[in-house]
Every structure is written in structure tokens, then in C-alpha cells.
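> Sharing run.cif, mmCIF, C-alpha atoms:
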```cif
data_query
loop_
_atom_site.label_atom_id
_atom_site.label_comp_id
_atom_site.auth_asym_id
_atom_site.auth_seq_id
_atom_site.Cartn_x
_atom_site.Cartn_y
_atom_site.Cartn_z
CA MET A 478 -11.11 -0.79 23.90
CA ALA A 479 -11.89 -4.46 23.31
CA THR A 480 -15.46 -5.62 23.08
CA LEU A 481 -17.04 -8.90 24.06
CA VAL A 482 -19.73 -10.20 21.78
CA ASP A 483 -23.09 -11.65 22.65
CA ARG A 484 -23.04 -13.76 19.53
CA PRO A 485 -21.53 -17.23 20.20
CA PRO A 486 -18.29 -17.81 18.30
CA GLU A 487 -18.50 -20.02 15.21
CA ALA A 488 -15.96 -22.34 16.77
CA VAL A 489 -18.49 -23.53 19.33
CA PRO A 490 -20.67 -26.17 17.68
CA ALA A 491 -24.39 -25.66 17.95
CA PRO A 492 -26.32 -28.23 20.03
CA GLY A 493 -26.71 -31.39 17.98
CA ALA A 494 -24.06 -30.33 15.45
CA ALA A 495 -21.25 -32.62 14.35
CA PRO A 496 -18.30 -32.63 16.77
CA VAL A 497 -15.30 -30.48 15.94
CA THR A 498 -12.56 -32.55 14.35
CA ALA A 499 -10.14 -30.04 12.82
CA THR A 500 -8.01 -27.46 14.58
CA ARG A 501 -5.84 -24.56 13.44
CA VAL A 502 -2.96 -23.03 15.32
CA VAL A 503 -3.37 -19.26 15.51
CA ARG A 504 -0.30 -17.17 16.34
CA VAL A 505 -1.40 -13.90 17.87
CA ARG A 506 0.84 -10.87 18.33
CA ARG A 507 0.36 -9.60 21.87
CA THR A 508 1.38 -6.08 22.86
CA PRO A 509 0.75 -5.24 26.51
CA ARG A 510 -1.22 -2.10 27.18
CA ASP A 511 1.47 -0.90 29.60
CA GLY A 512 4.08 -0.75 26.82
CA GLY A 513 5.89 -3.97 27.80
CA ALA A 514 7.66 -6.22 25.31
CA ALA A 515 5.49 -7.68 22.54
CA ARG A 516 5.27 -11.46 22.19
CA TRP A 517 3.60 -14.14 20.08
CA ASP A 518 0.99 -16.46 21.63
CA ARG A 519 0.16 -19.75 19.93
CA VAL A 520 -3.34 -21.08 20.47
CA GLU A 521 -4.93 -24.21 19.00
CA VAL A 522 -8.42 -23.30 17.89
CA PRO A 523 -11.14 -25.84 16.99
CA VAL A 524 -12.55 -25.30 13.51
CA SER A 525 -16.24 -26.07 13.45
CA SER A 526 -17.13 -24.95 9.96
CA SER A 527 -15.60 -24.05 6.62
CA ARG A 528 -17.19 -20.60 7.12
CA MET A 529 -15.27 -19.93 10.33
CA THR A 530 -13.45 -16.61 10.11
CA VAL A 531 -10.32 -15.23 11.76
CA LEU A 532 -12.56 -13.05 13.93
CA ASP A 533 -14.48 -16.15 15.02
CA ALA A 534 -11.17 -17.74 16.03
CA LEU A 535 -10.13 -14.64 17.97
CA THR A 536 -13.43 -14.35 19.81
CA TRP A 537 -13.14 -18.06 20.65
CA ILE A 538 -9.69 -17.42 22.11
CA ARG A 539 -11.08 -14.49 24.09
CA SER A 540 -14.00 -16.43 25.48
CA ARG A 541 -12.29 -19.80 26.08
CA VAL A 542 -8.56 -19.24 26.53
CA ASP A 543 -7.57 -15.69 27.36
CA PRO A 544 -10.12 -12.96 28.10
CA THR A 545 -7.32 -10.38 28.23
CA LEU A 546 -6.81 -10.55 24.44
CA ASP A 547 -7.78 -7.16 23.03
CA VAL A 548 -9.50 -7.28 19.65
CA ARG A 549 -11.90 -4.68 18.29
CA HIS A 550 -14.92 -5.52 16.18
CA SER A 551 -18.55 -4.70 15.74
CA CYS A 552 -20.65 -5.60 12.71
CA PHE A 553 -19.27 -9.00 11.55
CA HIS A 554 -19.98 -8.18 7.89
CA ALA A 555 -17.31 -5.77 6.61
CA SER A 556 -19.37 -2.62 7.15
CA CYS A 557 -17.95 -1.03 10.29
CA GLY A 558 -14.26 -1.33 9.44
CA THR A 559 -13.18 -1.91 13.04
CA CYS A 560 -11.65 -5.40 12.82
CA GLY A 561 -8.78 -4.58 10.45
CA LEU A 562 -5.77 -6.83 11.09
CA ARG A 563 -2.75 -8.32 9.38
CA VAL A 564 -3.39 -12.00 8.76
CA ASP A 565 -0.52 -14.01 7.30
CA GLY A 566 1.13 -10.72 6.31
CA ARG A 567 -1.91 -9.30 4.48
CA ASP A 568 -4.10 -6.43 5.61
CA VAL A 569 -7.65 -7.73 5.91
CA LEU A 570 -10.91 -7.44 7.80
CA ALA A 571 -10.91 -10.36 10.24
CA CYS A 572 -14.70 -10.74 10.04
CA VAL A 573 -14.73 -11.74 6.36
CA THR A 574 -11.43 -13.65 6.20
CA ARG A 575 -12.15 -17.35 6.38
CA LEU A 576 -9.59 -19.71 7.87
CA ASP A 577 -10.25 -22.10 4.98
CA ASP A 578 -9.12 -19.47 2.47
CA LEU A 579 -5.71 -19.08 4.13
CA ARG A 580 -2.70 -21.20 3.34
CA GLU A 581 -2.16 -24.41 5.31
CA GLY A 582 -0.38 -24.32 8.65
CA GLU A 583 -0.27 -21.70 11.35
CA VAL A 584 -2.24 -18.50 10.93
CA SER A 585 -0.41 -15.37 12.06
CA VAL A 586 -2.46 -12.45 13.32
CA GLU A 587 -0.91 -9.02 13.96
CA PRO A 588 -2.22 -5.50 14.45
CA LEU A 589 -2.30 -3.13 11.49
CA ARG A 590 0.95 -1.37 10.70
CA ASN A 591 1.86 2.30 10.56
CA GLN A 592 -0.59 3.17 13.32
CA PRO A 593 0.00 3.26 17.07
CA VAL A 594 -0.89 0.00 18.81
CA VAL A 595 -3.12 0.54 21.83
CA SER A 596 -2.76 -3.07 22.90
CA ASP A 597 -2.64 -6.52 21.29
CA LEU A 598 -4.62 -6.26 18.03
CA VAL A 599 -6.12 -2.81 18.57
CA VAL A 600 -4.62 0.22 16.83
CA ASP A 601 -5.46 3.88 17.40
CA LEU A 602 -7.28 5.26 14.34
CA GLU A 603 -7.76 8.72 15.83
CA ALA A 604 -5.17 10.31 13.51
CA LEU A 605 -7.05 8.98 10.49
CA TYR A 606 -10.39 10.32 11.71
CA GLU A 607 -8.85 13.72 12.44
CA ALA A 608 -7.20 13.87 9.01
CA LEU A 609 -10.48 12.98 7.31
CA GLU A 610 -12.38 15.79 8.99
CA PRO A 611 -11.00 18.71 6.91
CA MET A 612 -12.04 16.81 3.78
CA ALA A 613 -15.68 17.20 4.84
CA VAL A 614 -16.55 13.82 3.41
CA PRO A 615 -20.23 13.87 2.45
CA LEU A 616 -22.10 11.26 4.45
CA VAL A 617 -24.86 10.89 1.90
CA ARG A 618 -24.09 8.14 -0.54
CA SER A 619 -25.07 8.47 -4.18
CA SER A 620 -25.61 4.91 -5.19
CA THR A 621 -26.67 3.04 -8.28
CA LEU A 622 -28.25 0.57 -5.88
CA VAL A 623 -30.94 3.05 -4.85
CA ALA A 624 -33.98 2.15 -6.91
CA GLY A 625 -35.52 5.17 -8.57
CA GLY A 626 -32.81 7.50 -7.25
CA ARG A 627 -32.19 10.67 -9.22
CA PRO A 628 -28.80 12.37 -9.55
CA ALA A 629 -28.38 15.69 -7.79
CA GLU A 630 -28.09 18.88 -9.80
CA GLY A 631 -24.72 19.01 -11.54
CA VAL A 632 -24.09 15.28 -11.12
CA PRO A 633 -24.36 13.55 -14.52
CA ALA A 634 -25.03 10.04 -13.17
CA LEU A 635 -25.35 8.17 -9.93
CA GLY A 636 -22.31 6.27 -8.72
CA ARG A 637 -20.99 4.81 -5.50
CA PHE A 638 -18.49 7.20 -3.93
CA GLU A 639 -18.87 6.56 -0.22
CA ASP A 640 -17.36 3.11 -0.16
CA CYS A 641 -14.57 3.93 2.27
CA ILE A 642 -15.31 2.39 5.67
CA GLU A 643 -12.32 4.10 7.35
CA CYS A 644 -10.78 0.80 8.44
CA GLY A 645 -7.14 1.88 8.07
CA LEU A 646 -6.11 -1.15 5.99
CA CYS A 647 -4.77 1.09 3.21
CA ILE A 648 -2.55 2.94 5.69
CA SER A 649 -1.14 -0.34 6.93
CA ALA A 650 -0.46 -1.60 3.40
CA CYS A 651 1.14 1.62 2.09
CA PRO A 652 4.97 1.42 1.98
CA ILE A 653 5.34 5.22 2.16
CA GLU A 654 3.40 5.28 5.44
CA ALA A 655 6.13 3.04 6.87
CA THR A 656 8.61 5.91 6.89
CA ASP A 657 6.55 9.07 6.82
CA ALA A 658 4.02 9.91 9.53
CA ALA A 659 3.37 13.30 7.91
CA TYR A 660 2.09 11.76 4.66
CA GLU A 661 -1.62 12.43 4.21
CA GLY A 662 -2.09 8.79 3.25
CA PRO A 663 -4.35 6.92 0.86
CA ALA A 664 -7.57 7.11 2.90
CA VAL A 665 -7.43 10.90 3.22
CA LEU A 666 -6.35 11.44 -0.39
CA GLY A 667 -9.09 9.11 -1.60
CA ALA A 668 -11.61 11.10 0.46
CA ALA A 669 -10.26 14.34 -1.01
CA TRP A 670 -10.89 13.08 -4.50
CA ARG A 671 -14.48 12.15 -3.63
CA VAL A 672 -15.07 15.68 -2.35
CA ILE A 673 -13.57 17.19 -5.48
CA ASP A 674 -15.36 14.82 -7.83
CA GLU A 675 -18.70 15.33 -6.12
CA PRO A 676 -18.60 18.58 -4.10
CA ARG A 677 -22.33 18.61 -3.20
CA GLY A 678 -22.27 22.33 -2.69
CA THR A 679 -18.99 22.44 -0.76
CA ASP A 680 -15.93 24.28 -2.06
CA PRO A 681 -13.34 21.70 -3.17
CA ALA A 682 -10.57 24.33 -3.21
CA SER A 683 -9.70 23.72 0.45
CA ALA A 684 -9.38 19.98 -0.13
CA LEU A 685 -7.19 20.62 -3.20
CA ALA A 686 -4.96 22.95 -1.19
CA ILE A 687 -4.41 20.26 1.46
CA VAL A 688 -3.52 17.53 -1.02
CA ASP A 689 -1.30 19.68 -3.26
CA GLY A 690 1.59 19.72 -0.76
CA ASP A 691 4.69 17.55 -0.72
CA GLN A 692 2.98 15.26 1.82
CA GLY A 693 -0.13 15.01 -0.29
CA ALA A 694 -0.91 13.44 -3.65
CA TRP A 695 2.66 13.88 -4.92
CA ARG A 696 4.14 11.81 -2.07
CA CYS A 697 2.48 8.61 -3.32
CA HIS A 698 4.90 6.19 -5.01
CA LEU A 699 2.25 4.24 -6.89
CA ALA A 700 2.63 0.82 -5.32
CA PHE A 701 -1.19 0.52 -5.30
CA GLU A 702 -1.03 -1.70 -2.22
CA CYS A 703 -3.78 0.53 -0.77
CA SER A 704 -6.23 -0.38 -3.51
CA GLU A 705 -5.30 -4.05 -3.24
CA ALA A 706 -5.91 -4.04 0.52
CA CYS A 707 -9.13 -2.00 0.43
CA PRO A 708 -12.00 -4.32 1.48
CA SER A 709 -14.70 -2.11 -0.03
CA GLU A 710 -13.13 -1.37 -3.41
CA ALA A 711 -12.87 2.35 -2.71
CA GLU A 712 -9.67 2.31 -4.84
CA PRO A 713 -7.71 5.04 -3.04
CA GLY A 714 -4.69 4.53 -5.31
CA GLU A 715 -6.70 5.30 -8.42
CA HIS A 716 -8.27 8.29 -6.68
CA ILE A 717 -4.81 9.68 -5.94
CA LEU A 718 -4.06 9.54 -9.68
CA HIS A 719 -7.31 11.38 -10.41
CA LEU A 720 -6.24 13.97 -7.85
CA ARG A 721 -2.87 14.41 -9.55
CA ARG A 722 -4.52 14.88 -12.90
CA GLY A 723 -6.83 17.49 -11.38
CA LEU A 724 -3.92 19.27 -9.71
CA LEU A 725 -1.91 19.26 -12.95
CA ARG A 726 -4.83 20.74 -14.86
CA ARG A 727 -5.16 23.43 -12.19
CA ARG A 728 -1.47 24.31 -12.44
CA VAL A 729 -1.45 24.37 -16.24
CA ALA A 730 -4.58 26.54 -16.23
CA ALA A 731 -2.90 28.94 -13.77
CA ILE A 732 0.21 29.19 -16.01
CA LEU A 733 -1.92 29.82 -19.10
CA ARG A 734 -3.91 32.47 -17.23
CA ARG A 735 -0.71 34.21 -16.17
CA ARG A 736 0.65 34.09 -19.73
CA GLY A 737 -2.62 35.52 -21.02
CA THR A 738 -2.44 38.32 -18.46
CA HIS A 739 1.17 39.16 -19.43
CA GLU A 740 0.40 39.17 -23.16
CA GLY A 741 -2.65 41.30 -22.54
CA SER A 742 -0.70 43.87 -20.52
CA GLY A 743 2.18 43.91 -23.11
CA ARG A 744 -0.05 45.18 -25.90
CA MET B 707 1.45 3.37 22.74
CA MET B 708 3.77 1.27 20.62
CA ASN B 709 4.25 2.51 17.06
CA GLU B 710 4.12 -0.10 14.35
CA ARG B 711 5.79 2.19 11.78
CA ARG B 712 8.72 0.12 10.55
CA GLY B 713 10.84 2.76 8.88
CA VAL B 714 12.94 1.85 5.85
CA ALA B 715 12.39 -1.85 6.61
CA GLY B 716 8.78 -1.22 5.62
CA TRP B 717 9.90 -0.44 2.07
CA PHE B 718 11.68 -3.74 1.57
CA ASP B 719 9.49 -6.24 3.41
CA PRO B 720 8.09 -8.45 0.61
CA ARG B 721 5.60 -10.32 2.83
CA GLY B 722 2.03 -9.91 1.71
CA ARG B 723 2.99 -7.64 -1.18
CA ARG B 724 1.24 -7.81 -4.53
CA LEU B 725 2.84 -6.98 -7.88
CA GLY B 726 2.63 -3.20 -7.33
CA GLY B 727 4.36 -3.53 -3.97
CA LEU B 728 7.03 -5.82 -5.40
CA ALA B 729 7.59 -3.33 -8.24
CA PHE B 730 8.07 -0.65 -5.56
CA ILE B 731 10.72 -2.81 -3.84
CA VAL B 732 12.47 -3.63 -7.14
CA ASN B 733 12.56 0.04 -8.07
CA ARG B 734 14.07 1.04 -4.73
CA LEU B 735 16.69 -1.74 -4.83
CA SER B 736 17.68 -1.09 -8.46
CA GLY B 737 17.85 2.66 -7.72
CA LEU B 738 20.18 2.05 -4.79
CA GLY B 739 22.26 -0.31 -6.95
CA VAL B 740 22.62 2.31 -9.68
CA LEU B 741 23.55 4.92 -7.07
CA VAL B 742 26.27 2.66 -5.64
CA TYR B 743 27.56 2.09 -9.19
CA LEU B 744 27.77 5.85 -9.79
CA TYR B 745 30.16 6.27 -6.85
CA LEU B 746 32.07 3.14 -7.87
CA HIS B 747 32.41 4.57 -11.36
CA LEU B 748 33.83 7.84 -10.00
CA LEU B 749 36.24 5.84 -7.86
CA ILE B 750 37.41 3.85 -10.89
CA LEU B 751 37.95 7.02 -12.90
CA THR B 752 40.47 8.15 -10.27
CA GLN B 753 42.73 5.39 -11.69
CA LEU B 754 43.34 7.74 -14.63
CA ALA B 755 45.12 10.13 -12.28
CA ARG B 756 47.52 7.33 -11.30
CA GLY B 757 48.91 7.10 -14.83
CA PRO B 758 48.68 4.77 -17.85
CA VAL B 759 50.09 1.70 -16.09
CA ALA B 760 47.40 1.68 -13.44
CA TRP B 761 44.68 2.37 -16.01
CA ASP B 762 45.87 -0.39 -18.39
CA ALA B 763 45.91 -2.84 -15.50
CA PHE B 764 42.32 -1.91 -14.66
CA VAL B 765 41.21 -2.25 -18.33
CA ALA B 766 42.72 -5.74 -18.41
CA PHE B 767 40.85 -6.61 -15.18
CA ALA B 768 37.61 -5.17 -16.59
CA GLY B 769 37.57 -7.89 -19.27
CA SER B 770 37.42 -10.71 -16.72
CA PRO B 771 34.18 -12.78 -16.55
CA VAL B 772 33.45 -11.57 -13.00
CA VAL B 773 33.48 -7.91 -14.03
CA LEU B 774 31.48 -8.71 -17.18
CA ALA B 775 28.86 -10.44 -15.03
CA PHE B 776 28.77 -7.31 -12.87
CA ASP B 777 28.28 -5.25 -16.08
CA VAL B 778 25.31 -7.42 -17.03
CA LEU B 779 23.84 -6.87 -13.57
CA LEU B 780 24.37 -3.14 -13.99
CA LEU B 781 22.68 -3.18 -17.41
CA ALA B 782 19.73 -5.11 -15.96
CA GLY B 783 19.49 -2.67 -13.03
CA LEU B 784 19.53 0.36 -15.33
CA LEU B 785 16.88 -1.17 -17.60
CA VAL B 786 14.62 -2.20 -14.71
CA HIS B 787 14.93 1.15 -12.97
CA GLY B 788 14.63 3.22 -16.14
CA LEU B 789 11.70 1.36 -17.67
CA ASN B 790 9.87 1.15 -14.35
CA GLY B 791 10.49 4.88 -14.02
CA VAL B 792 8.79 5.43 -17.38
CA ARG B 793 5.85 3.35 -16.14
CA LEU B 794 5.59 5.39 -12.96
CA ALA B 795 5.75 8.66 -14.90
CA LEU B 796 2.97 7.50 -17.24
CA LEU B 797 0.83 6.40 -14.30
CA GLY B 798 1.75 9.28 -12.02
CA PHE B 799 0.79 11.99 -14.47
CA GLY B 800 -2.42 10.23 -15.38
CA VAL B 801 -1.37 9.45 -18.98
CA VAL B 802 -2.11 5.77 -18.35
CA THR B 803 -4.66 4.64 -15.77
CA GLY B 804 -5.61 1.20 -14.55
CA ARG B 805 -2.96 -0.63 -16.59
CA GLY B 806 -0.07 -0.48 -14.16
CA THR B 807 0.29 -4.25 -13.79
CA ALA B 808 0.15 -4.98 -17.52
CA LEU B 809 2.61 -2.18 -18.19
CA PHE B 810 4.98 -3.50 -15.52
CA VAL B 811 4.91 -7.03 -16.92
CA ALA B 812 5.46 -5.78 -20.48
CA LEU B 813 8.31 -3.42 -19.58
CA MET B 814 10.06 -5.91 -17.32
CA THR B 815 9.82 -8.56 -20.03
CA GLY B 816 11.47 -6.03 -22.34
CA ALA B 817 14.15 -5.32 -19.71
CA VAL B 818 14.97 -9.01 -19.32
CA LEU B 819 15.17 -9.53 -23.10
CA ILE B 820 17.40 -6.50 -23.67
CA ALA B 821 19.61 -7.49 -20.72
CA ALA B 822 19.92 -11.02 -22.16
CA VAL B 823 20.93 -9.68 -25.59
CA GLY B 824 23.33 -7.26 -23.89
CA ALA B 825 24.87 -10.10 -21.88
CA LEU B 826 25.42 -12.17 -25.01
CA ARG B 827 27.02 -9.21 -26.81
CA LEU B 828 29.25 -8.34 -23.82
CA PHE B 829 30.65 -11.86 -23.49
CA GLU B 830 30.93 -12.17 -27.28
CA VAL B 831 33.04 -9.01 -27.59
CA ALA B 832 35.19 -9.99 -24.59
#
```
Would you encode the structure as C-alpha cells?


Amino acid sequence: MATLVDRPPEAVPAPGAAPVTATRVVRVRRTPRDGGAARWDRVEVPVSSSRMTVLDALTWIRSRVDPTLDVRHSCFHASCGTCGLRVDGRDVLACVTRLDDLREGEVSVEPLRNQPVVSDLVVDLEALYEALEPMAVPLVRSSTLVAGGRPAEGVPALGRFEDCIECGLCISACPIEATDAAYEGPAVLGAAWRVIDEPRGTDPASALAIVDGDQGAWRCHLAFECSEACPSEAEPGEHILHLRRGLLRRRVAAILRRRGTHEGSGR
Amino acid sequence: MMNERRGVAGWFDPRGRRLGGLAFIVNRLSGLGVLVYLYLHLLILTQLARGPVAWDAFVAFAGSPVVLAFDVLLLAGLLVHGLNGVRLALLGFGVVTGRGTALFVALMTGAVLIAAVGALRLFEVA
């Protein structure tokens, strides 16, 4: 599950660079793959640059101290969503979280919450991917950043909808997810809203049916921790509110239709 | 695989929470407080069944500063829970969007002010 990188960690000074003078103590939550007792490891990591990130520190630990540390990552620039972790109690992407931006003292690093831990800092995101599938999230992004792009038929203006990188940070931050594994969760509900808002030829009725249950949009308790944690500003919390508004409209319309039918048949 | 789902502890853990998360914790705690008071209230009312002597003794005890302080806490809990509930209803039904934080600050300021006035009045009357 863990991947070694070819890129040298930031902590290792380049040839001819100034020697490393500062260090940070990184406390890493270790969970053995075999299901043994979890523990905290404390490692002193040399800080070579103000741009050094938590992921740089972890890859340094892996390459210089303990190659058995499991940490997942890929792109190093907040696009792949694989290096989600809890750093000092906050859900973040390790690749864009600089050590310098954290409070003084030890840095604590834990796996994301509310998802099964495979080992050490790696969680199993399979449940999220499976739950996203029925939403049929369109892969094509309609973006204002595309020069000369034209909106599709029925879409009034271009806008960025495909910001979700499926990192699972919102699931970790959500307090409802702490108690309820059946809850659809912010990532899935946010995806449902994108499908409904921009169907691209698909039928949004199936997505609405999924999110209209007691474990769907109505289960959210509006803490908005998901939107705060989201590294790509997909704003799942706000999307859940849009969903609720859409669902309410649908219900009111159904009631009015029924009333109209009754009045019509009473004449 | 180990599950990192923390159960009810996950509701109340304030570490790393922003204002929305703290409002969630406050709402849960104040709700539980009000629920405990409801049962306490029913228990106190059973004093009526024990006759006027028992009830008069309780009324005399109810005027003590400790009980009055408890009343102020109750008033604050009711205000916080009720006003935050109004905020959640406005947000949850899409009446207000994107102003959750401002609404929380405004309503909680109102709750504190009303609780302060209530506290002054309670101790004044006593």
C-alpha cells in the first residue's frame, strides 16, 4: 500500500546547500498491519527549508529512519488526494501542509478518522469509491479556466464542479461520520448535488432517490467541518444544503400535484 | 483493519474543530443539559405529592444562591440551544445560505446578553 518516491525528500539538503540547522519532532501514529496495538513514534526530523512539508518529513523518516512506515502519496501537489492525514488534529493533505505553518513544538501525524486503517497512516477509501459510483460523477470538468470554452446545451454558464479529489478529508472531519457508518457522507452528497446541478444527459432522479433517505442529506447536522477541511474548495456542506432545497422543492411540488389531482377529480 | 470511527466521543472532541464544529458540540451539550433538567424538573414536581410542608421546604431552598446560579445556567442552556436551533433550521431548509458563522456569532451574542439580563433579574428578585 505504501509507495517509495524517486524524488529526494526536501529534508535532504542539495549538494552545496546550507547545512540543516533546525529540527522538528514528528509524532507519528503507528498501527501495525497485523492488527496489533497502535503506538506513537517520535522522530526528530531535520528541517532544510521553510517550504518543507509534512509529507517531506514522512518520506524522510521512511528513507532514513524506518522504511516500514506506511504512508500513501502520489502527486505532491494536492491533485491526487492520496496523502490525506490528520496533522495536529486537523484533516489536511500532507503534501501541501508546511511544517513552518504549524504551531511550534511537536507535530502529531495520524491517519484520517472514520475510515478503516490499513496500517500506520494509510486508510481504506474503498467504501468512498463504491459509494460515489452510483452518483455517476461526470469526469468531464466544465471550467471557467478553459480558454474559449463554450457551455454545453442547457448549461447557462461554465463553472468548476469537478473539484472533489476524493481524498476523504471531509469524511474524517464530519462529526456525524464518527457514529454512523451508514451515513452517505459529505463527499457522496456533494457528488450527488453536482450530478443534479449539471446532469449532462444523465437522469438525476436516481441520485435524488439515494440522498433523500434518512442516511442522506437529512442526516447532516450542519457543522460544515467538511467544507472547512476540503482542500479543493468543493464545499460539500454547501452542496448538501442545495440538495435539501432541491428535495424540499420536489416534495412540495408532489404535494401540490396531488392536491391538484384531488380537486380536479372532486369537480 | 482497525476502525478509526470514534463513536460518541467523536461528537465532543474539540481538537481541530472550527466554529461550525464547536457550535455542533455546544448544541449537543446544551441539548443534553436541557434533557437532564427536564427529568430533574419532573422529579422536583413529585415533591407536591409529599404535601405542603415538603413543597414549602423546597421553595425555600430554591431561593438559595446555588439554585439561582443553576437557574441562570439553565436559562443560558435554553437560549443557546433554542437560538442555535433556529440557526440550524434557517440553514438546513436553505432559507439562509453561507452565513452560518455570522448568524452563530450574532445569536450567541444575543443569548449571552439575555442570559446576563436574566441573571441580574433573578438575583434581584431573590

> Evaluating the PyMOL selection byres ((chain A) within 9 of (chain B)) on the displayed file yields which residues, as a VMD selection string?

chain A and resid 508 510 to 512 565 to 568 588 to 596 601 649 to 658 695 697 to 702 705 715 717 to 719 721 to 722 725

> Which residues, written as a PyMOL selection string, have at least one atom at most 8 Å from Ala821 of chain B, with all atoms listed in the file counted and residues fewer than 2 positions away on the same chain left out?

chain B and resi 778+781-782+785+817-819+823-825

> Export C-alpha atoms of the chosen residues as a compact mmCIF listing (two decimals), keeping the file's coordinate frame?


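Below is the file that was written, result.txt:
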```txt
# COMPACT_ATOMS: atom_id res chain seq x y z
CA VAL B 778 25.31 -7.42 -17.03
CA LEU B 781 22.68 -3.18 -17.41
CA ALA B 782 19.73 -5.11 -15.96
CA LEU B 785 16.88 -1.17 -17.60
CA ALA B 817 14.15 -5.32 -19.71
CA VAL B 818 14.97 -9.01 -19.32
CA LEU B 819 15.17 -9.53 -23.10
CA VAL B 823 20.93 -9.68 -25.59
CA GLY B 824 23.33 -7.26 -23.89
CA ALA B 825 24.87 -10.10 -21.88
```

> Write out as a compact mmCIF listing (two decimals) with C-alpha atoms, in the frame of the given file which residues come within 12 Å of segment 747-754 of chain B when counting only C-alpha atoms, dropping same-chain ones fewer than 3 positions away.


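Output file around14.txt is given in full below:
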```txt
# COMPACT_ATOMS: atom_id res chain seq x y z
CA VAL B 740 22.62 2.31 -9.68
CA LEU B 741 23.55 4.92 -7.07
CA VAL B 742 26.27 2.66 -5.64
CA TYR B 743 27.56 2.09 -9.19
CA LEU B 744 27.77 5.85 -9.79
CA GLY B 757 48.91 7.10 -14.83
CA PRO B 758 48.68 4.77 -17.85
CA VAL B 759 50.09 1.70 -16.09
CA ALA B 760 47.40 1.68 -13.44
CA TRP B 761 44.68 2.37 -16.01
CA ASP B 762 45.87 -0.39 -18.39
CA ALA B 763 45.91 -2.84 -15.50
CA PHE B 764 42.32 -1.91 -14.66
CA VAL B 765 41.21 -2.25 -18.33
CA PHE B 767 40.85 -6.61 -15.18
CA ALA B 768 37.61 -5.17 -16.59
CA ASP B 777 28.28 -5.25 -16.08
CA LEU B 780 24.37 -3.14 -13.99
```

> Quick check, in Å to one decimal: how far apart do atom CA of Asp518 of chain A and atom CA of Phe553 of chain A lie?

23.8 Å

> Quick one: which residues end up in the PyMOL selection byres ((chain A and resi 664-669) around 8) for this structure, as a PyMOL selection string?

chain A and resi 605+608-609+612+614+641+643+645+647-648+661-663+670-673+684-685+688+693-694+711-714+716-717+720

> Would you work out the distance separating atom CA of Ala629 of chain A from atom CA of Ile687 of chain A, expressed in Å to one decimal?

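Pair atom CA of Ala629 of chain A / atom CA of Ile687 of chain A returns 26.1 Å.
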
> What gap, in Å, lies between atom CA of Leu646 of chain A and atom CA of Val531 of chain A?

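Atom CA of Leu646 of chain A sits 15.8 Å away from atom CA of Val531 of chain A.
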
> Using the chain letters and numbering of this document, enumerate as a ChimeraX atom specification the residues selected by the PyMOL selection byres ((chain A and resi 524) around 7).

/A:488,497,499-501,522-523,525-526,529

> Hey, could you pull the box centre and edge lengths for segment 770-787 of chain B, axis-aligned, 4 Å padding per side, all listed atoms, to one decimal in Å, as lines of an AutoDock Vina configuration file?


```
center_x = 26.0
center_y = -5.8
center_z = -15.2
size_x = 30.8
size_y = 21.9
size_z = 12.7
```

> For Val502 of chain A, list every protein, DNA or RNA residue within 7 Å, evaluated using only C-alpha atoms, and leave out those in the same chain fewer than 5 positions away; present the list as number ranges by chain.

A: 519-522, 583-584

> Keeping only C-alpha atoms, write the selected residues as a compact mmCIF listing (two decimals), in the coordinates of the input.


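out.txt, freshly written:
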```
# COMPACT_ATOMS: atom_id res chain seq x y z
CA ARG A 519 0.16 -19.75 19.93
CA VAL A 520 -3.34 -21.08 20.47
CA GLU A 521 -4.93 -24.21 19.00
CA VAL A 522 -8.42 -23.30 17.89
CA GLU A 583 -0.27 -21.70 11.35
CA VAL A 584 -2.24 -18.50 10.93
```

> For Gly739 of chain B, find every residue with an atom within 10 Å (counting only C-alpha atoms), except residues of its own chain fewer than 5 positions away, and show them as a PyMOL selection string.

chain B and resi 733-734+744+779-780+783-784+787

> Can you write just those residues out, C-alpha atoms, as a compact mmCIF listing (two decimals), in the frame of the given file?


```txt
# COMPACT_ATOMS: atom_id res chain seq x y z
CA ASN B 733 12.56 0.04 -8.07
CA ARG B 734 14.07 1.04 -4.73
CA LEU B 744 27.77 5.85 -9.79
CA LEU B 779 23.84 -6.87 -13.57
CA LEU B 780 24.37 -3.14 -13.99
CA GLY B 783 19.49 -2.67 -13.03
CA LEU B 784 19.53 0.36 -15.33
CA HIS B 787 14.93 1.15 -12.97
```

> Using all atoms listed in the file, which of the listed residues (A:Arg507, A:Arg734, A:Arg627, A:Arg727) sits closest to Val548 of chain A?

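Checking each candidate against Val548 of chain A, we get A:Arg507 as the closest.
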
> Which protein, DNA or RNA residues are at most 10 Å from (6.7, -3.7, -17.3) in the file's coordinates when you count only C-alpha atoms, listed as a ChimeraX atom specification?

/B:729,786,789-793,806-817

> Just so I have it separately, write segment 714-725 of chain B from the block I sent, keeping N, CA and C atoms, as a compact mmCIF listing (two decimals), in the first residue's frame.


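To be explicit, this is the file written out as part_12.txt:
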```
# COMPACT_ATOMS: atom_id res chain seq x y z
N VAL B 714 -19.49 8.21 19.97
CA VAL B 714 -19.98 9.47 20.55
C VAL B 714 -18.83 10.40 20.92
N ALA B 715 -17.68 9.84 21.26
CA ALA B 715 -16.52 10.68 21.58
C ALA B 715 -16.18 11.60 20.40
N GLY B 716 -16.49 11.15 19.20
CA GLY B 716 -16.22 11.95 18.00
C GLY B 716 -17.09 13.20 17.93
N TRP B 717 -18.22 13.18 18.63
CA TRP B 717 -19.06 14.39 18.64
C TRP B 717 -18.43 15.49 19.50
N PHE B 718 -17.80 15.05 20.60
CA PHE B 718 -17.40 16.04 21.61
C PHE B 718 -15.92 16.42 21.58
N ASP B 719 -15.15 15.78 20.72
CA ASP B 719 -13.72 16.09 20.66
C ASP B 719 -13.51 17.46 20.02
N PRO B 720 -13.06 18.45 20.79
CA PRO B 720 -12.94 19.82 20.23
C PRO B 720 -11.65 20.04 19.43
N ARG B 721 -10.73 19.07 19.45
CA ARG B 721 -9.44 19.30 18.78
C ARG B 721 -9.61 19.47 17.27
N GLY B 722 -9.04 20.52 16.76
CA GLY B 722 -9.06 20.76 15.32
C GLY B 722 -10.39 21.28 14.79
N ARG B 723 -11.34 21.51 15.67
CA ARG B 723 -12.67 21.97 15.22
C ARG B 723 -12.66 23.46 14.93
N ARG B 724 -13.42 23.85 13.91
CA ARG B 724 -13.63 25.26 13.64
C ARG B 724 -14.94 25.67 14.31
N LEU B 725 -15.39 26.90 14.01
CA LEU B 725 -16.58 27.43 14.69
C LEU B 725 -17.81 26.54 14.48
```
